[in-house]
Structures are given as C-alpha cells and as structure tokens.
Amino acid sequence: MIGRLNHVAIAVPDLAAAAAQYRDSLGAAVGPATDLPDHGVTVVFVTLPNTKIELMTPFGDASPIRGFLDRNPGGGVHHLCYEVADILAARDRLIGLGARVLGAPKIGAHGKRVVFLHPKDFTGTLIELEET
Ligand code: CO
C-alpha cells in the first residue's frame with residue numbers, strides 16, 4: 001500500500017539555525033520557511049536526491065509539536081511520511097485493522113491530503129500518509 005518515503009520530519013528548537021546547518025554544513029538544497037497555521041508548525045523543506053527532510057518548529061501557542069520539543073529540547077526525528085495513492089482507502093483499511101488514525105485528512109505542506117497514524121500502533125513511530 002505505501003509507496004515512496006516522501007519525507008522525514010525533524011522537530012527543531014531553532015528553525016533558522018537548523019536550515020543553515022543543512023545548507024552550509026551538509027551542503028543541501030534548503031527551501032524557504034513556510035508557516036502552516038492549520039498544523040501549528042513552520043517548516044523548511046530540504047530536498048535530497050531520493051527524499052526530503054522537513055525541518056519544523058512550533059507556530060503558535062497550541063502547536064502539536066510543543067510537547068515533543070519539551071521532551072526533546074535539542075530536537076529530534078518526529079515522523080516519517082509515506083506516499084499512498086488513495087488516502088481514504090488507506091485510512092479505511094487501517095481503521096479496519098484496528099489502527100488509530102489521528103483526525104480527519106487535512107491538507108498538508110505540499111497541498112495534498114495527509115493523515116497521521118498513532119505511534120503506539122506503529123513501533124513507536126508517528127507516521128504521516130500523504131496522497132500522491
Ligand atoms: Co510531514
């Protein structure tokens with residue numbers, strides 16, 4: 001069902017410093033910072049030959065990654081995003097298998113529909129599915 005690894009998301013306390021590190025130390029192609037108020041984060045995408053890295057930091061007081069950064073003040077890997085062809089079919093299949101799907105599909109950082117899957121159902125890893 002899942003296809004390509006669309007991105008790995010890393011929560012960071014200082015987005016400008018993280019973006020500069022990927023650009024200047026690691027020599028990666030780093031995009032602009034983009035606020036995603038619906039998701040409570042500001043993101044920078046780093047484009048690699050085979051996938052992307054999503055650097056993200058809280059946007060607003062109710063950011064869903066605030067707690068993660070409180071527990072991991074230096075930052076850390078937050079979620080993996082896999083591509084699926086049909087997000088509603090994927091969601092329904094996973095609900096049918098007993099997995100917890102976190103909320104209704106939303107429009108994600110790339111203008112496509114995304115859903116998140118509970119990390120306790122997937123070996124301790126928060127998973128985002130993005131419709132291709
Ligand atoms: Co993501």
# chains A, B, ... in the order shown; residues from 1 in each chain; ligands from 1
call {"tool": "residues_around", "arguments": {"residues": "region 52-61 of chain A", "least_positions_apart": "2", "cutoff": "10 Å", "atoms": "only C-alpha atoms", "output": "ChimeraX atom specification"}}
result
/A:5-16,18-19,22,29-31,33-50,63-67,69,75-81,109
call {"tool": "select_by_dssp", "arguments": {"residues": "chain A", "states": "alpha helix (DSSP H)", "output": "list of chain:residue names"}}
result
A:Leu15, A:Ala16, A:Ala17, A:Ala18, A:Ala19, A:Ala20, A:Arg66, A:Gly67, A:Phe68, A:Leu69, A:Asp70, A:Arg71, A:Ile87, A:Leu88, A:Ala89, A:Ala90, A:Arg91, A:Asp92, A:Arg93, A:Leu94, A:Ile95, A:Gly96
call {"tool": "write_last_selection", "arguments": {"atoms": "C-alpha atoms", "output": "short mmCIF file (atom, residue, chain, number, x, y, z; two decimals), in the first residue's frame"}}
result
data_model
loop_
_atom_site.label_atom_id
_atom_site.label_comp_id
_atom_site.auth_asym_id
_atom_site.auth_seq_id
_atom_site.Cartn_x
_atom_site.Cartn_y
_atom_site.Cartn_z
CA LEU A 15 14.50 26.67 12.54
CA ALA A 16 16.92 29.23 11.10
CA ALA A 17 19.90 27.50 12.73
CA ALA A 18 18.77 24.06 11.53
CA ALA A 19 18.19 25.33 7.98
CA ALA A 20 21.62 27.00 7.95
CA ARG A 66 5.41 21.79 21.57
CA GLY A 67 5.24 18.78 23.89
CA PHE A 68 7.68 16.84 21.71
CA LEU A 69 10.20 19.68 21.94
CA ASP A 70 9.65 19.95 25.69
CA ARG A 71 10.65 16.28 25.93
CA ILE A 87 -5.74 8.32 1.32
CA LEU A 88 -9.35 7.49 2.14
CA ALA A 89 -8.88 3.85 1.12
CA ALA A 90 -5.67 3.70 3.16
CA ARG A 91 -7.37 5.25 6.19
CA ASP A 92 -10.35 2.90 5.99
CA ARG A 93 -8.10 -0.13 5.62
CA LEU A 94 -6.04 0.84 8.68
CA ILE A 95 -9.09 1.64 10.80
CA GLY A 96 -10.44 -1.77 9.80
#
call {"tool": "atom_distance", "arguments": {"atom1": "CA of Ala85 (chain A)", "atom2": "CA of Lys120 (chain A)"}}
result
24.1 Å
call {"tool": "closest_residue", "arguments": {"among": "A:Asp121, A:Val115, A:Gly27, A:Thr132", "to": "ligand 1", "atoms": "only C-alpha atoms and all ligand atoms"}}
result
A:Val115
call {"tool": "select_by_dssp", "arguments": {"residues": "chain A", "states": "strand (DSSP E)", "output": "PDB file with C-alpha atoms, in the first residue's frame"}}
result
ATOM      1  CA  LEU A   5       9.300   7.813   1.552  1.00  0.00           C
ATOM      2  CA  ASN A   6       8.083  11.365   0.968  1.00  0.00           C
ATOM      3  CA  HIS A   7       9.968  12.944   3.861  1.00  0.00           C
ATOM      4  CA  VAL A   8      11.486  12.554   7.299  1.00  0.00           C
ATOM      5  CA  ALA A   9      10.353  15.295   9.691  1.00  0.00           C
ATOM      6  CA  ILE A  10      12.698  16.653  12.355  1.00  0.00           C
ATOM      7  CA  ALA A  11      11.383  18.937  15.100  1.00  0.00           C
ATOM      8  CA  ALA A  29      19.248  22.394  -1.123  1.00  0.00           C
ATOM      9  CA  VAL A  30      17.194  24.230   1.511  1.00  0.00           C
ATOM     10  CA  THR A  34       6.665  28.418   5.401  1.00  0.00           C
ATOM     11  CA  ASP A  35       4.066  28.896   8.151  1.00  0.00           C
ATOM     12  CA  LEU A  36       1.384  26.196   8.299  1.00  0.00           C
ATOM     13  CA  VAL A  41       4.202  24.498  12.622  1.00  0.00           C
ATOM     14  CA  THR A  42       6.626  26.484  10.488  1.00  0.00           C
ATOM     15  CA  VAL A  43       8.528  24.239   8.087  1.00  0.00           C
ATOM     16  CA  VAL A  44      11.602  24.310   5.882  1.00  0.00           C
ATOM     17  CA  PHE A  45      11.999  21.567   3.307  1.00  0.00           C
ATOM     18  CA  VAL A  46      15.414  20.196   2.443  1.00  0.00           C
ATOM     19  CA  THR A  47      15.445  18.454  -0.925  1.00  0.00           C
ATOM     20  CA  LYS A  52      13.045  15.334   1.581  1.00  0.00           C
ATOM     21  CA  ILE A  53      13.757  16.397   5.136  1.00  0.00           C
ATOM     22  CA  GLU A  54      11.080  18.534   6.797  1.00  0.00           C
ATOM     23  CA  LEU A  55      12.568  20.768   9.476  1.00  0.00           C
ATOM     24  CA  MET A  56       9.771  22.073  11.657  1.00  0.00           C
ATOM     25  CA  THR A  57       9.350  24.298  14.662  1.00  0.00           C
ATOM     26  CA  PRO A  58       6.219  25.342  16.601  1.00  0.00           C
ATOM     27  CA  GLY A  76      14.658  15.018  17.172  1.00  0.00           C
ATOM     28  CA  VAL A  77      13.060  12.860  14.500  1.00  0.00           C
ATOM     29  CA  HIS A  78       9.307  13.478  14.754  1.00  0.00           C
ATOM     30  CA  HIS A  79       7.636  11.493  11.969  1.00  0.00           C
ATOM     31  CA  LEU A  80       8.075   9.635   8.699  1.00  0.00           C
ATOM     32  CA  CYS A  81       5.835  10.369   5.708  1.00  0.00           C
ATOM     33  CA  TYR A  82       4.944   7.644   3.227  1.00  0.00           C
ATOM     34  CA  GLU A  83       3.056   8.167  -0.010  1.00  0.00           C
ATOM     35  CA  VAL A  84      -0.239   6.425  -0.755  1.00  0.00           C
ATOM     36  CA  VAL A 101      -5.898   7.336  12.729  1.00  0.00           C
ATOM     37  CA  LEU A 102      -5.405  10.788  14.257  1.00  0.00           C
ATOM     38  CA  GLY A 103      -8.200  13.005  12.950  1.00  0.00           C
ATOM     39  CA  ALA A 104      -9.659  13.546   9.507  1.00  0.00           C
ATOM     40  CA  PRO A 105      -7.480  14.044   6.410  1.00  0.00           C
ATOM     41  CA  LYS A 106      -6.048  17.569   6.233  1.00  0.00           C
ATOM     42  CA  ILE A 107      -4.230  19.438   3.505  1.00  0.00           C
ATOM     43  CA  ARG A 113      -4.231  15.319   1.748  1.00  0.00           C
ATOM     44  CA  VAL A 114      -2.474  13.801   4.757  1.00  0.00           C
ATOM     45  CA  VAL A 115      -3.407  11.761   7.829  1.00  0.00           C
ATOM     46  CA  PHE A 116      -1.353  10.733  10.845  1.00  0.00           C
ATOM     47  CA  LEU A 117      -1.220   7.293  12.483  1.00  0.00           C
ATOM     48  CA  LEU A 126       4.464   8.664  14.207  1.00  0.00           C
ATOM     49  CA  ILE A 127       3.534   8.044  10.575  1.00  0.00           C
ATOM     50  CA  GLU A 128       2.091  10.541   8.120  1.00  0.00           C
ATOM     51  CA  LEU A 129       0.448   9.267   4.952  1.00  0.00           C
ATOM     52  CA  GLU A 130       0.334  11.681   2.019  1.00  0.00           C
ATOM     53  CA  GLU A 131      -1.840  11.164  -1.023  1.00  0.00           C
TER      54      GLU A 131
END
call {"tool": "atom_distance", "arguments": {"atom1": "CA of Ala99 (chain A)", "atom2": "CA of Pro119 (chain A)"}}
result
9.8 Å
call {"tool": "closest_residue", "arguments": {"among": "A:Ala62, A:Gly108, A:Thr123, A:Pro32", "to": "ligand 1", "atoms": "only C-alpha atoms and all ligand atoms"}}
result
A:Gly108
call {"tool": "atom_distance", "arguments": {"atom1": "CA of Asp86 (chain A)", "atom2": "CA of His110 (chain A)"}}
result
15.7 Å
call {"tool": "closest_residue", "arguments": {"among": "A:Gly74, A:Arg100, A:Arg23, A:Lys112", "to": "ligand 1", "atoms": "only C-alpha atoms and all ligand atoms"}}
result
A:Lys112
call {"tool": "closest_residue", "arguments": {"among": "A:Leu26, A:Thr51, A:Leu97, A:Asn72", "to": "ligand 1", "atoms": "only C-alpha atoms and all ligand atoms"}}
result
A:Thr51
